[in-house]
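J.: I'm passing along protein-v3.cif; it holds mmCIF, C-alpha atoms.
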```cif
data_my_file
loop_
_atom_site.label_atom_id
_atom_site.label_comp_id
_atom_site.auth_asym_id
_atom_site.auth_seq_id
_atom_site.Cartn_x
_atom_site.Cartn_y
_atom_site.Cartn_z
CA MET Q 410 -45.90 8.79 9.94
CA VAL Q 411 -48.14 7.04 12.43
CA ASN Q 412 -45.67 4.25 12.50
CA ARG Q 413 -42.83 6.55 13.30
CA ARG Q 414 -44.73 8.31 16.05
CA LEU Q 415 -45.59 4.94 17.48
CA SER Q 416 -42.00 3.75 17.41
CA LEU Q 417 -40.88 7.01 18.98
CA LEU Q 418 -43.46 6.53 21.67
CA THR Q 419 -42.27 2.99 22.20
CA ALA Q 420 -38.69 4.19 22.32
CA ILE Q 421 -39.56 6.79 24.94
CA THR Q 422 -41.47 4.26 26.97
CA VAL Q 423 -38.64 1.76 26.78
CA LEU Q 424 -36.12 4.46 27.60
CA ALA Q 425 -38.15 5.52 30.62
CA MET Q 426 -38.44 1.93 31.79
CA VAL Q 427 -34.74 1.31 31.36
CA LEU Q 428 -33.92 4.54 33.16
CA ILE Q 429 -36.03 3.49 36.09
CA ALA Q 430 -34.63 -0.01 36.04
CA SER Q 431 -31.04 1.14 35.89
CA ALA Q 432 -31.35 3.96 38.37
CA GLY Q 433 -28.41 3.93 40.69
CA SER Q 434 -26.12 1.98 38.36
CA SER Q 435 -23.77 3.68 35.95
CA PHE Q 436 -25.32 4.58 32.61
CA ALA Q 437 -22.90 3.73 29.82
CA GLU Q 438 -21.65 0.29 30.66
CA LYS Q 439 -21.38 -1.04 27.15
CA PRO Q 440 -18.19 0.20 25.44
CA THR Q 441 -18.87 2.46 22.45
CA VAL Q 442 -15.42 2.61 20.85
CA LEU Q 443 -13.39 -0.07 19.14
CA LYS Q 444 -9.87 -0.20 20.59
CA PRO Q 445 -7.85 1.03 17.55
CA CYS Q 446 -10.22 4.00 17.16
CA VAL Q 447 -9.20 5.25 20.62
CA GLN Q 448 -5.94 6.48 19.11
CA CYS Q 449 -7.82 9.40 17.60
CA HIS Q 450 -11.31 9.34 19.16
CA GLN Q 451 -12.61 9.56 22.67
CA SER Q 452 -15.46 7.53 23.94
CA GLU Q 453 -18.82 9.30 23.65
CA GLN Q 454 -22.05 8.11 25.21
CA ASP Q 455 -24.25 8.45 22.15
CA LEU Q 456 -21.73 7.59 19.46
CA VAL Q 457 -20.63 4.09 18.52
CA ARG Q 458 -17.35 3.81 16.66
CA GLY Q 459 -16.33 0.49 15.19
CA THR Q 460 -16.32 -1.58 12.05
CA LEU Q 461 -19.39 -2.49 10.03
CA VAL Q 462 -20.42 -6.12 10.41
CA SER Q 463 -23.57 -5.99 8.31
CA VAL Q 464 -26.76 -4.14 7.58
CA THR Q 465 -29.92 -6.19 7.93
CA GLU Q 466 -32.50 -4.70 5.58
CA LYS Q 467 -35.30 -6.87 6.91
CA PHE Q 468 -35.01 -5.76 10.51
CA LYS Q 469 -33.55 -2.36 9.67
CA THR Q 470 -30.50 -2.79 11.81
CA ILE Q 471 -26.87 -1.75 11.47
CA ASN Q 472 -24.48 -4.11 13.21
CA VAL Q 473 -21.24 -2.56 14.39
CA GLN Q 474 -18.29 -4.44 15.83
CA VAL Q 475 -16.82 -2.62 18.83
CA GLY Q 476 -14.84 -5.39 20.44
CA GLN Q 477 -13.84 -8.96 19.89
CA LYS Q 478 -17.19 -10.30 21.02
CA LEU Q 479 -19.12 -7.09 21.17
CA VAL Q 480 -21.50 -5.99 18.45
CA TRP Q 481 -23.88 -3.06 18.69
CA ILE Q 482 -27.19 -3.64 16.97
CA ILE Q 483 -28.64 -0.29 16.08
CA THR Q 484 -31.99 0.16 14.41
CA TYR Q 485 -32.42 2.80 11.71
CA GLY Q 486 -35.13 4.35 9.62
CA ASP Q 487 -35.48 6.34 6.41
CA ASP Q 488 -34.38 9.45 8.26
CA LEU Q 489 -30.82 8.16 8.72
CA LYS Q 490 -28.24 10.71 7.59
CA ILE Q 491 -25.21 9.11 5.91
CA THR Q 492 -21.93 10.93 5.34
CA GLY Q 493 -19.18 9.43 3.21
CA ALA Q 494 -21.29 6.96 1.22
CA ASP Q 495 -24.33 7.15 -1.07
CA LYS Q 496 -26.29 4.47 0.68
CA LEU Q 497 -25.84 1.85 3.38
CA SER Q 498 -25.30 -0.94 0.85
CA ALA Q 499 -22.31 0.93 -0.59
CA ILE Q 500 -20.35 0.64 2.66
CA PRO Q 501 -18.08 -2.39 2.60
CA LYS Q 502 -17.88 -4.87 5.44
CA ASP Q 503 -15.25 -4.06 8.09
CA LYS Q 504 -15.24 -0.38 7.13
CA GLU Q 505 -14.69 1.98 10.07
CA ILE Q 506 -17.91 3.83 10.81
CA GLY Q 507 -19.37 6.01 13.52
CA VAL Q 508 -23.06 5.85 14.38
CA ARG Q 509 -24.72 8.54 16.49
CA PHE Q 510 -27.84 7.28 18.17
CA THR Q 511 -30.71 8.21 20.40
CA GLY Q 512 -32.27 5.93 22.92
CA ASP Q 513 -30.17 3.90 25.31
CA GLU Q 514 -27.67 1.13 24.81
CA LYS Q 515 -30.34 -1.56 24.93
CA LYS Q 516 -32.45 -0.06 22.17
CA PRO Q 517 -30.40 2.42 20.19
CA TYR Q 518 -31.84 4.18 17.14
CA ALA Q 519 -29.39 5.55 14.57
CA VAL Q 520 -29.57 9.29 13.83
CA SER Q 521 -26.52 9.64 11.62
CA LEU Q 522 -23.76 7.46 10.25
CA THR Q 523 -20.30 8.63 9.19
CA VAL Q 524 -17.92 6.58 7.10
CA LYS Q 525 -14.28 7.15 8.00
CA PRO Q 526 -12.81 9.43 5.31
CA PRO Q 527 -9.43 8.76 3.70
CA ALA Q 528 -6.60 9.97 5.93
CA LYS Q 529 -5.78 13.65 5.67
CA VAL Q 530 -2.37 14.86 6.67
CA ALA Q 531 -1.73 17.96 8.74
CA PRO Q 532 0.48 20.40 6.77
CA GLU Q 533 3.07 20.70 9.56
CA LYS Q 534 3.70 16.99 9.31
CA LEU Q 535 4.57 17.12 5.64
CA VAL Q 536 8.07 17.11 4.20
CA SER Q 537 8.42 18.70 0.76
CA LEU Q 538 10.44 17.33 -2.13
CA ASP Q 539 13.01 20.13 -1.75
CA GLU Q 540 13.47 19.39 1.94
CA MET Q 541 13.75 15.70 1.16
CA VAL Q 542 16.44 16.29 -1.48
CA LYS Q 543 18.39 18.49 0.94
CA LEU Q 544 18.20 15.96 3.78
CA VAL Q 545 19.23 13.00 1.60
CA ALA Q 546 22.19 15.01 0.26
CA GLU Q 547 23.33 15.58 3.86
CA GLY Q 548 22.80 11.96 4.79
CA PRO Q 549 21.10 10.52 7.89
CA ALA Q 550 23.97 11.35 10.26
CA LYS Q 551 24.37 15.03 9.42
CA GLY Q 552 20.71 15.56 8.58
CA ASN Q 553 19.80 13.74 11.80
CA TYR Q 554 16.86 11.89 10.29
CA LEU Q 555 15.66 8.36 9.64
CA LEU Q 556 13.91 7.75 6.36
CA VAL Q 557 11.40 4.92 6.21
CA ASP Q 558 9.97 3.29 3.07
CA SER Q 559 6.43 2.07 3.92
CA ARG Q 560 5.89 0.07 0.73
CA PRO Q 561 6.03 -3.73 0.53
CA LYS Q 562 9.57 -5.12 0.79
CA PRO Q 563 9.89 -6.23 -2.88
CA ARG Q 564 9.13 -2.69 -4.03
CA TYR Q 565 11.78 -1.32 -1.69
CA LEU Q 566 14.38 -3.76 -3.01
CA GLU Q 567 13.69 -2.79 -6.63
CA GLY Q 568 14.32 0.87 -6.01
CA HIS Q 569 14.16 3.32 -3.15
CA ILE Q 570 15.37 6.72 -2.02
CA PRO Q 571 19.02 6.55 -0.87
CA SER Q 572 19.41 6.08 2.91
CA ALA Q 573 15.85 4.76 3.34
CA LEU Q 574 15.16 1.70 5.48
CA SER Q 575 12.33 -0.72 4.74
CA LEU Q 576 9.39 -0.94 7.14
CA PRO Q 577 6.25 -2.04 5.26
CA THR Q 578 3.07 -0.61 6.81
CA ASP Q 579 1.51 -4.05 7.20
CA LYS Q 580 4.56 -5.28 9.13
CA PHE Q 581 4.83 -2.11 11.23
CA ASP Q 582 4.14 -3.56 14.67
CA GLU Q 583 6.25 -6.63 14.03
CA LEU Q 584 9.36 -4.78 12.82
CA LYS Q 585 9.18 -1.31 14.35
CA ASP Q 586 11.59 -2.02 17.18
CA THR Q 587 14.33 -3.21 14.84
CA VAL Q 588 13.94 -0.34 12.34
CA LEU Q 589 12.87 2.76 14.25
CA PRO Q 590 15.44 4.61 16.38
CA SER Q 591 15.56 4.35 20.15
CA GLU Q 592 15.47 8.17 20.42
CA LYS Q 593 11.78 8.99 20.31
CA ASP Q 594 12.43 12.63 19.43
CA LYS Q 595 14.42 11.88 16.27
CA LEU Q 596 13.00 13.07 12.96
CA VAL Q 597 11.43 10.01 11.32
CA ILE Q 598 10.13 10.51 7.78
CA PHE Q 599 7.79 8.05 6.11
CA TYR Q 600 7.13 7.78 2.38
CA CYS Q 601 5.40 5.40 0.03
CA GLY Q 602 4.44 5.13 -3.61
CA GLY Q 603 1.72 7.75 -3.66
CA VAL Q 604 -1.11 6.33 -5.77
CA THR Q 605 -0.47 2.65 -6.38
CA MET P 179 0.44 3.69 3.47
CA SER P 180 2.86 6.32 4.79
CA PRO P 181 0.26 8.41 6.74
CA ASP P 182 -0.84 5.22 8.46
CA SER P 183 2.75 4.35 9.38
CA ALA P 184 3.36 7.88 10.69
CA ARG P 185 0.26 7.64 12.87
CA ARG P 186 1.42 4.35 14.29
CA ALA P 187 4.86 5.81 14.99
CA GLU P 188 3.20 8.65 16.88
CA ALA P 189 1.15 6.15 18.85
CA ALA P 190 4.43 4.38 19.71
CA GLY P 191 5.74 7.66 21.18
CA TYR P 192 7.70 9.23 18.29
CA THR P 193 7.32 12.98 18.58
CA LYS P 194 8.77 13.96 15.20
CA ALA P 195 7.11 11.56 12.77
CA LYS P 196 6.68 13.26 9.40
CA ILE P 197 5.51 12.26 5.95
CA PHE P 198 7.09 12.79 2.56
CA HIS P 199 3.67 12.61 1.01
CA ASP P 200 4.68 13.21 -2.60
CA GLY P 201 6.59 9.99 -2.16
CA LEU P 202 8.58 8.02 -4.65
CA PRO P 203 6.75 9.21 -7.80
CA ALA P 204 7.71 12.86 -7.15
CA TRP P 205 11.24 11.88 -6.14
CA LYS P 206 11.69 9.91 -9.38
CA LYS P 207 10.04 12.50 -11.58
CA ALA P 208 12.49 15.14 -10.41
CA GLY P 209 15.32 12.85 -11.55
CA ASN P 210 16.75 12.13 -8.12
CA LEU P 211 18.94 9.11 -7.42
CA ILE P 212 17.19 5.76 -6.93
CA VAL P 213 19.09 2.85 -5.44
CA SER P 214 18.14 -0.81 -5.73
CA GLU P 215 19.22 -3.69 -3.52
CA PRO P 216 21.26 -6.77 -4.48
CA ALA P 217 18.26 -8.97 -3.58
CA ALA P 218 16.18 -7.38 -6.35
CA LEU P 219 18.93 -7.89 -8.91
CA GLN P 220 19.29 -11.51 -7.80
CA ASP P 221 15.56 -11.87 -8.35
CA PHE P 222 15.83 -10.41 -11.87
CA ILE P 223 18.56 -12.90 -12.72
CA GLU P 224 16.98 -15.97 -11.10
CA LYS P 225 13.46 -15.37 -12.40
CA ASP P 226 14.77 -14.31 -15.80
CA ILE P 227 12.96 -10.96 -15.63
CA ALA P 228 14.00 -8.72 -18.52
CA HIS P 229 16.43 -6.01 -17.41
CA VAL P 230 19.57 -4.18 -18.45
CA LEU P 231 22.61 -4.45 -16.19
CA VAL P 232 25.55 -2.13 -16.82
CA ASP P 233 29.01 -2.52 -15.27
CA LEU P 234 30.55 0.96 -15.16
CA ARG P 235 34.01 -0.05 -13.93
CA ASP P 236 37.10 0.02 -16.06
CA GLY P 237 38.28 -3.01 -18.06
CA ALA P 238 40.84 -4.28 -15.55
CA ALA P 239 38.31 -4.43 -12.69
CA VAL P 240 35.70 -6.09 -14.88
CA LYS P 241 38.14 -8.85 -15.92
CA LYS P 242 38.42 -10.02 -12.31
CA GLY P 243 34.71 -10.76 -12.20
CA PHE P 244 31.38 -9.17 -13.02
CA ILE P 245 27.72 -9.75 -12.21
CA PRO P 246 26.14 -12.33 -14.55
CA GLY P 247 24.45 -10.76 -17.55
CA ALA P 248 26.21 -7.42 -17.17
CA VAL P 249 27.21 -5.35 -20.16
CA ALA P 250 30.49 -3.50 -19.68
CA ILE P 251 30.39 0.22 -20.41
CA PRO P 252 33.08 2.12 -18.47
CA ALA P 253 31.70 5.28 -16.85
CA ASN P 254 33.90 7.55 -18.97
CA GLU P 255 32.47 6.03 -22.17
CA LEU P 256 28.84 6.13 -21.09
CA LEU P 257 28.00 9.35 -22.93
CA THR P 258 29.00 7.79 -26.25
CA ALA P 259 26.98 4.62 -25.57
CA LYS P 260 23.52 6.18 -25.76
CA ASP P 261 22.64 4.39 -29.00
CA ARG P 262 23.29 1.03 -27.40
CA PHE P 263 20.48 1.47 -24.88
CA PRO P 264 17.08 -0.10 -25.63
CA ALA P 265 14.30 1.69 -27.47
CA ASP P 266 11.88 0.82 -24.66
CA LYS P 267 12.25 3.60 -22.10
CA SER P 268 10.45 1.61 -19.43
CA ALA P 269 13.21 -1.03 -19.34
CA PRO P 270 14.54 -1.59 -15.82
CA ILE P 271 18.17 -0.49 -15.91
CA VAL P 272 20.58 -1.26 -13.07
CA LEU P 273 23.98 0.44 -12.99
CA TYR P 274 26.82 -0.63 -10.78
CA SER P 275 30.41 0.21 -10.01
CA ASP P 276 32.59 0.47 -6.94
CA GLY P 277 31.31 3.96 -6.13
CA VAL P 278 27.92 5.63 -5.80
CA GLY P 279 27.38 6.10 -9.52
CA SER P 280 25.14 9.14 -9.25
CA GLU P 281 26.68 10.82 -12.31
CA ALA P 282 26.03 7.79 -14.51
CA PHE P 283 22.51 7.60 -13.07
CA LYS P 284 21.85 11.21 -14.06
CA THR P 285 23.08 10.54 -17.57
CA VAL P 286 20.94 7.46 -18.18
CA ARG P 287 17.94 9.04 -16.46
CA SER P 288 18.27 12.11 -18.68
CA TRP P 289 17.87 9.85 -21.72
CA GLY P 290 14.37 9.09 -20.48
CA TYR P 291 14.82 5.70 -18.79
CA LYS P 292 12.33 6.06 -15.94
CA ASP P 293 13.19 2.80 -14.25
CA THR P 294 16.90 3.34 -13.73
CA SER P 295 18.59 2.54 -10.45
CA VAL P 296 22.07 2.23 -9.02
CA LEU P 297 22.99 -0.94 -7.17
CA ASN P 298 23.12 0.17 -3.53
CA GLY P 299 26.64 -0.38 -2.20
CA GLY P 300 27.98 -1.44 -5.61
CA MET P 301 30.13 -4.51 -6.13
CA ALA P 302 30.99 -4.76 -2.43
CA ALA P 303 27.32 -5.10 -1.46
CA TRP P 304 26.72 -7.64 -4.23
CA THR P 305 29.57 -9.86 -3.02
CA LYS P 306 28.54 -9.43 0.59
CA ALA P 307 24.98 -10.53 -0.28
CA GLY P 308 26.44 -13.74 -1.71
CA GLY P 309 25.89 -12.72 -5.33
CA LYS P 310 27.61 -14.83 -7.95
CA LEU P 311 30.32 -13.46 -10.22
CA GLU P 312 31.16 -14.39 -13.77
CA THR P 313 34.62 -14.21 -15.24
CA GLY P 314 35.77 -13.88 -18.81
CA THR P 315 34.64 -11.24 -21.22
CA PRO P 316 31.34 -9.49 -20.56
CA GLY P 317 29.04 -8.52 -23.39
CA THR P 318 29.14 -5.04 -24.87
CA VAL P 319 25.80 -5.18 -26.68
CA ILE P 320 22.63 -4.46 -24.74
CA SER P 321 19.77 -6.73 -25.67
CA TYR P 322 16.46 -6.09 -24.01
CA VAL P 323 13.36 -8.11 -24.83
CA PRO P 324 10.47 -7.20 -22.53
CA LYS P 325 8.79 -10.23 -21.03
CA PRO P 326 5.75 -10.44 -18.80
CA ARG P 327 6.60 -10.68 -15.13
CA PRO P 328 5.94 -14.05 -13.47
CA GLY P 329 2.25 -14.30 -12.63
CA GLU P 330 1.16 -11.55 -15.01
CA ILE P 331 -2.17 -12.01 -16.81
CA SER P 332 -2.57 -10.45 -20.25
CA ILE P 333 -4.85 -7.43 -20.50
CA GLU P 334 -6.98 -9.27 -23.09
CA GLU P 335 -7.57 -12.28 -20.86
CA PHE P 336 -8.29 -10.06 -17.86
CA LYS P 337 -10.88 -8.12 -19.87
CA ALA P 338 -12.55 -11.35 -21.01
CA ILE P 339 -12.88 -12.52 -17.41
CA ALA P 340 -14.09 -9.12 -16.22
CA GLU P 341 -16.73 -8.97 -18.99
CA ARG P 342 -18.10 -12.47 -18.91
CA GLY P 343 -16.99 -13.81 -15.56
CA SER P 344 -15.61 -17.28 -15.14
CA PRO P 345 -16.85 -19.82 -12.59
CA GLY P 346 -13.35 -21.06 -11.83
CA MET P 347 -11.98 -17.58 -11.26
CA LEU P 348 -12.25 -14.82 -8.70
CA ILE P 349 -11.34 -11.20 -9.33
CA LEU P 350 -9.81 -9.63 -6.24
CA ASP P 351 -9.56 -5.86 -5.76
CA VAL P 352 -6.54 -5.30 -3.50
CA ARG P 353 -6.81 -1.51 -3.20
CA ASP P 354 -7.71 0.09 0.11
CA THR P 355 -11.36 -0.10 1.04
CA ASP P 356 -11.73 3.68 0.56
CA GLU P 357 -10.66 3.36 -3.06
CA ALA P 358 -12.72 0.24 -3.73
CA MET P 359 -15.80 2.03 -2.38
CA ASN P 360 -15.52 4.54 -5.21
CA GLY P 361 -15.92 1.88 -7.84
CA MET P 362 -15.03 -1.76 -8.20
CA LEU P 363 -15.22 -4.27 -11.04
CA ALA P 364 -18.52 -6.15 -11.11
CA GLY P 365 -18.25 -9.42 -9.25
CA ALA P 366 -14.94 -8.54 -7.61
CA ILE P 367 -14.34 -8.71 -3.90
CA ASN P 368 -12.11 -6.32 -1.97
CA ILE P 369 -9.30 -7.27 0.39
CA PRO P 370 -6.60 -4.58 0.73
CA ALA P 371 -3.13 -5.87 -0.21
CA GLY P 372 -1.82 -5.00 3.23
CA ASP P 373 -4.38 -7.26 4.93
CA MET P 374 -3.89 -10.21 2.59
CA THR P 375 -1.92 -12.52 4.87
CA LYS P 376 -4.41 -11.95 7.69
CA ARG P 377 -7.47 -12.67 5.55
CA LEU P 378 -6.46 -15.77 3.61
CA LYS P 379 -9.36 -17.71 5.09
CA ASP P 380 -11.79 -15.48 3.18
CA LEU P 381 -10.44 -16.78 -0.12
CA PRO P 382 -11.20 -19.99 -1.98
CA LYS P 383 -8.37 -22.40 -2.81
CA ASP P 384 -10.28 -24.11 -5.60
CA ARG P 385 -10.58 -21.00 -7.78
CA GLU P 386 -7.90 -19.03 -9.55
CA ILE P 387 -7.57 -15.56 -8.07
CA ILE P 388 -6.80 -12.58 -10.30
CA THR P 389 -5.65 -9.49 -8.36
CA TYR P 390 -5.75 -5.87 -9.52
CA CYS P 391 -5.10 -2.42 -8.04
CA ASN P 392 -4.54 0.93 -9.82
CA THR P 393 -1.12 0.28 -11.32
CA GLY P 394 -0.28 -3.40 -10.76
CA LEU P 395 2.11 -2.72 -7.87
CA ARG P 396 -0.12 -3.75 -4.99
CA ALA P 397 -1.66 -6.45 -7.22
CA GLU P 398 1.78 -8.01 -7.59
CA SER P 399 2.48 -7.77 -3.88
CA ALA P 400 -0.82 -9.56 -3.18
CA TYR P 401 0.06 -12.09 -5.88
CA GLU P 402 3.31 -12.85 -4.05
CA ASP P 403 1.56 -13.25 -0.69
CA LEU P 404 -1.13 -15.51 -2.13
CA LYS P 405 1.31 -17.60 -4.14
CA GLN P 406 3.39 -18.17 -1.05
CA ALA P 407 0.26 -19.27 0.82
CA GLY P 408 -0.42 -21.88 -1.85
CA TYR P 409 -3.16 -20.14 -3.84
CA LYS P 410 -3.56 -20.31 -7.59
CA VAL P 411 -3.15 -16.67 -8.52
CA ARG P 412 -2.20 -14.18 -11.24
CA PHE P 413 -2.21 -10.38 -11.32
CA LEU P 414 -3.02 -7.53 -13.69
CA ASN P 415 0.13 -5.53 -14.38
CA ALA P 416 -1.47 -2.48 -15.99
CA LEU P 417 -3.10 0.85 -15.18
CA ILE P 418 -6.81 0.52 -14.52
CA GLN P 419 -9.40 3.16 -13.78
CA ILE P 420 -12.84 2.23 -12.54
CA ASP P 421 -15.80 4.53 -12.07
CA ARG P 422 -18.70 4.20 -9.64
CA ASP P 423 -20.76 2.09 -12.05
CA GLY P 424 -17.97 -0.42 -12.44
CA LYS P 425 -17.09 0.84 -15.93
CA TYR P 426 -13.36 0.58 -16.47
CA GLU P 427 -10.47 1.43 -18.68
CA ILE P 428 -7.21 -0.48 -18.80
CA THR P 429 -4.03 1.10 -20.12
CA LYS P 430 -0.78 -0.68 -20.78
CA LYS P 431 2.10 0.60 -18.64
#
```
Will you turn the file into structure tokens for me?
T.:
Amino acid sequence: MVNRRLSLLTAITVLAMVLIASAGSSFAEKPTVLKPCVQCHQSEQDLVRGTLVSVTEKFKTINVQVGQKLVWIITYGDDLKITGADKLSAIPKDKEIGVRFTGDEKKPYAVSLTVKPPAKVAPEKLVSLDEMVKLVAEGPAKGNYLLVDSRPKPRYLEGHIPSALSLPTDKFDELKDTVLPSEKDKLVIFYCGGVT
Amino acid sequence: MSPDSARRAEAAGYTKAKIFHDGLPAWKKAGNLIVSEPAALQDFIEKDIAHVLVDLRDGAAVKKGFIPGAVAIPANELLTAKDRFPADKSAPIVLYSDGVGSEAFKTVRSWGYKDTSVLNGGMAAWTKAGGKLETGTPGTVISYVPKPRPGEISIEEFKAIAERGSPGMLILDVRDTDEAMNGMLAGAINIPAGDMTKRLKDLPKDREIITYCNTGLRAESAYEDLKQAGYKVRFLNALIQIDRDGKYEITKK
């Protein structure tokens, strides 16, 4: 308890010193969000979003990659709240995490950590089996759709839904321009193998 | 995989990117038509992977040339040929003709053969893809002897390695990190199948790598990537369930 109060005191002191030192310059200079995360998340001043590099038990730090050469080193204590994993050691390396912190960017202290949950899909973006059957029966021209098989190419070759084109998820950026239509408002439906 | 692709399509500016989330399993289960590509059939033939290939055309067309290994059963005789199909309902069955073949597909599928497909584009697509033809008299008897796929490790050997470990071997979990977090085999490391080609440097070349996922599908895809990159590798082609403590159960497909 004494320890914690002391560290809090230190944190406040350091914060105050930094505030004085940095007066006049902009506050959040160090990026807090890894580039791919920007697709869904906005930058927040007290929240670091990136991939987990490591957790150093000895120094009680969580190291989060936020850019090619940019790693946030955030200290934590026993009061850290974790969502999405039982304990820090259960989070695999390179996993997308978000860490909310207090203190400033030079001496951040982690308040809570969230592990990115598995992707959830908004209901309006889902195509049902019945709709799929109807569209495939009409064909891509009449149904005005493009069906994309996201599984690896060998799986596609062995068997796929009629009229589907192959665009494996891991080759998406490389092949998207040759597979996806030029009309950006065309209905494009993706499917894969469910649980594999 | 598909939600990720849809998100990337949206990021690339597509305004109507949707997901058929039930995916191929639901499509198949409902008995809908599945088409396979000439390249897969060529692979079956070249790698000697056990399969059943049925030529549905009439006798005159077949005489001019048929796909190697095909058994001739004209479409109008298919219904009477049920007894000639293999006892193993998981046998991959490829049907071909000059047309779509959806009626024949429905028939064979209704007999319980889950892994039935129709050659996409029929004979024309096969010839166009440079597929060889055989002339003479095709067989009329279906013989199907299941064989392990190239690179497949037996369940027994996999279990032995998982239980006792082996210094010369590395067990590789190729499921997504989210799945691996909910339970992995002891001693295994996790690299998602989709990231394999980008993360080769994380893997040793002097140890044999054994890949697994939930069903063997992604494990085989990782096997192919690693083999191509010059690694010594095999994969588990079975259903495996792992709980948080690393306890597991393997079921034959």
J.: Please enumerate the residues selected by the PyMOL selection byres ((chain Q and resi 503) around 9) when evaluated against the supplied file, formatted as a short mmCIF file (atom, residue, chain, number, x, y, z; two decimals) with C-alpha atoms, keeping the file's coordinate frame.
T.:
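Produced file result.cif, reproduced below:
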```cif
data_model
loop_
_atom_site.label_atom_id
_atom_site.label_comp_id
_atom_site.auth_asym_id
_atom_site.auth_seq_id
_atom_site.Cartn_x
_atom_site.Cartn_y
_atom_site.Cartn_z
CA GLY Q 459 -16.33 0.49 15.19
CA THR Q 460 -16.32 -1.58 12.05
CA LEU Q 461 -19.39 -2.49 10.03
CA VAL Q 462 -20.42 -6.12 10.41
CA SER Q 463 -23.57 -5.99 8.31
CA VAL Q 473 -21.24 -2.56 14.39
CA GLN Q 474 -18.29 -4.44 15.83
CA ILE Q 500 -20.35 0.64 2.66
CA PRO Q 501 -18.08 -2.39 2.60
CA LYS Q 502 -17.88 -4.87 5.44
CA LYS Q 504 -15.24 -0.38 7.13
CA GLU Q 505 -14.69 1.98 10.07
CA ILE Q 506 -17.91 3.83 10.81
CA THR P 355 -11.36 -0.10 1.04
#
```
J.: Quick one, how far is CA of Glu215 (chain P) from CA of Thr375 (chain P)?
T.: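 These two atoms are separated by 24.4 Å.
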J.: What residues in chain Q have any atom no more than 6 Å from chain P when counting only C-alpha atoms, and can you write them as a list in words?
T.: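 Result, ordered by chain then number: Lys534, Leu535, Val536, Ser559, Leu566, Glu567, Gly568, His569, Ile570, Pro571, Thr578, Asp579, Lys593, Asp594, Leu596, Val597, Ile598, Phe599, Tyr600, Cys601, Gly602, Gly603 and Thr605 of chain Q.
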J.: Around (-19.3, 7.3, 23.6) in the file's frame, which residues reach within 12 Å when counting all atoms listed in the file? Return as a list in words?
T.: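 Within 12 Å of (-19.3, 7.3, 23.6), the protein and nucleic acid residues are Phe436, Ala437, Glu438, Lys439, Pro440, Thr441, Val442, Leu443, Cys446, Val447, His450, Gln451, Ser452, Glu453, Gln454, Asp455, Leu456, Val457, Arg458, Gly459, Val475, Gly507, Val508, Arg509, Phe510, Thr511, Asp513 and Glu514 of chain Q.
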J.: Work out how far apart CA of Pro264 (chain P) and CA of Val323 (chain P) are and give it in Å to one decimal.
T.: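 Taking CA of Pro264 (chain P) and CA of Val323 (chain P), their separation equals 8.9 Å.
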J.: Considering all atoms listed in the file, return as a PyMOL selection string whatever protein or nucleic-acid residues lie within 9 Å of Thr285 (chain P), sequence-local ones (same chain, fewer than 4 positions apart) excluded.
T.: chain P and resi 256-257+280-281+289
J.: Give, as lines of an AutoDock Vina configuration file, the centre coordinates and the x, y and z edge lengths in Å to one decimal for an axis-aligned box around all listed atoms of region 227-246 of chain P, padded by 3 Å on each side.
T.:
```
center_x = 26.9
center_y = -5.7
center_z = -15.4
size_x = 33.9
size_y = 19.3
size_z = 12.3
```
J.: Residue by residue, what does the PyMOL selection byres ((chain P and resi 228) around 7) grab here? Present the result as a list in words.
T.: Asp226, Ile227, His229, Tyr322, Val323, Pro324 and Lys325 of chain P
J.: Please measure the separation of CA of Leu311 (chain P) and CA of Pro326 (chain P), giving the value in Å to one decimal.
T.: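 Going from CA of Leu311 (chain P) over to CA of Pro326 (chain P), I get 26.2 Å.
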J.: Since I can't run it myself right now, could you work out what the PyMOL selection byres ((chain Q and resi 544) around 12) selects here and report it as a ChimeraX atom specification?
T.: /Q:536-543,545-556,570-573,596-598 /P:198
J.: Would you please work out which residue, of Q:Lys595, Q:Lys444, Q:Arg564, Q:Lys515, is nearest to Trp481 (chain Q) when using all atoms listed in the file?
T.: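 Of Q:Lys595, Q:Lys444, Q:Arg564, Q:Lys515, the one nearest Trp481 (chain Q), counting all atoms listed in the file, is Q:Lys515.
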J.: Name the residues, using the chain letters and numbers of the file, that sit within 9 Å of (1.2, 0.6, -22.5) when counting all atoms listed in the file, and give them as a PyMOL selection string.
T.: chain P and resi 416-417+429-431
J.: Could you write out the selected residues, including C-alpha atoms, as a compact mmCIF listing (two decimals), in the frame of the given file?
T.:
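Written file, out-v4.txt:
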```txt
# COMPACT_ATOMS: atom_id res chain seq x y z
CA ALA P 416 -1.47 -2.48 -15.99
CA LEU P 417 -3.10 0.85 -15.18
CA THR P 429 -4.03 1.10 -20.12
CA LYS P 430 -0.78 -0.68 -20.78
CA LYS P 431 2.10 0.60 -18.64
```
J.: Name the residues in contact with region 494-498 of chain Q at a cut-off of 10 Å, using all atoms listed in the file, excluding same-chain residues fewer than 4 positions from it; report them as a list in words.
T.: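 What passes the distance filter is Ser463, Val464, Thr465, Glu466, Ile471, Leu489, Lys490, Lys502, Leu522, Thr523, Val524, Lys525 and Pro526 of chain Q; Met359 and Asn360 of chain P.
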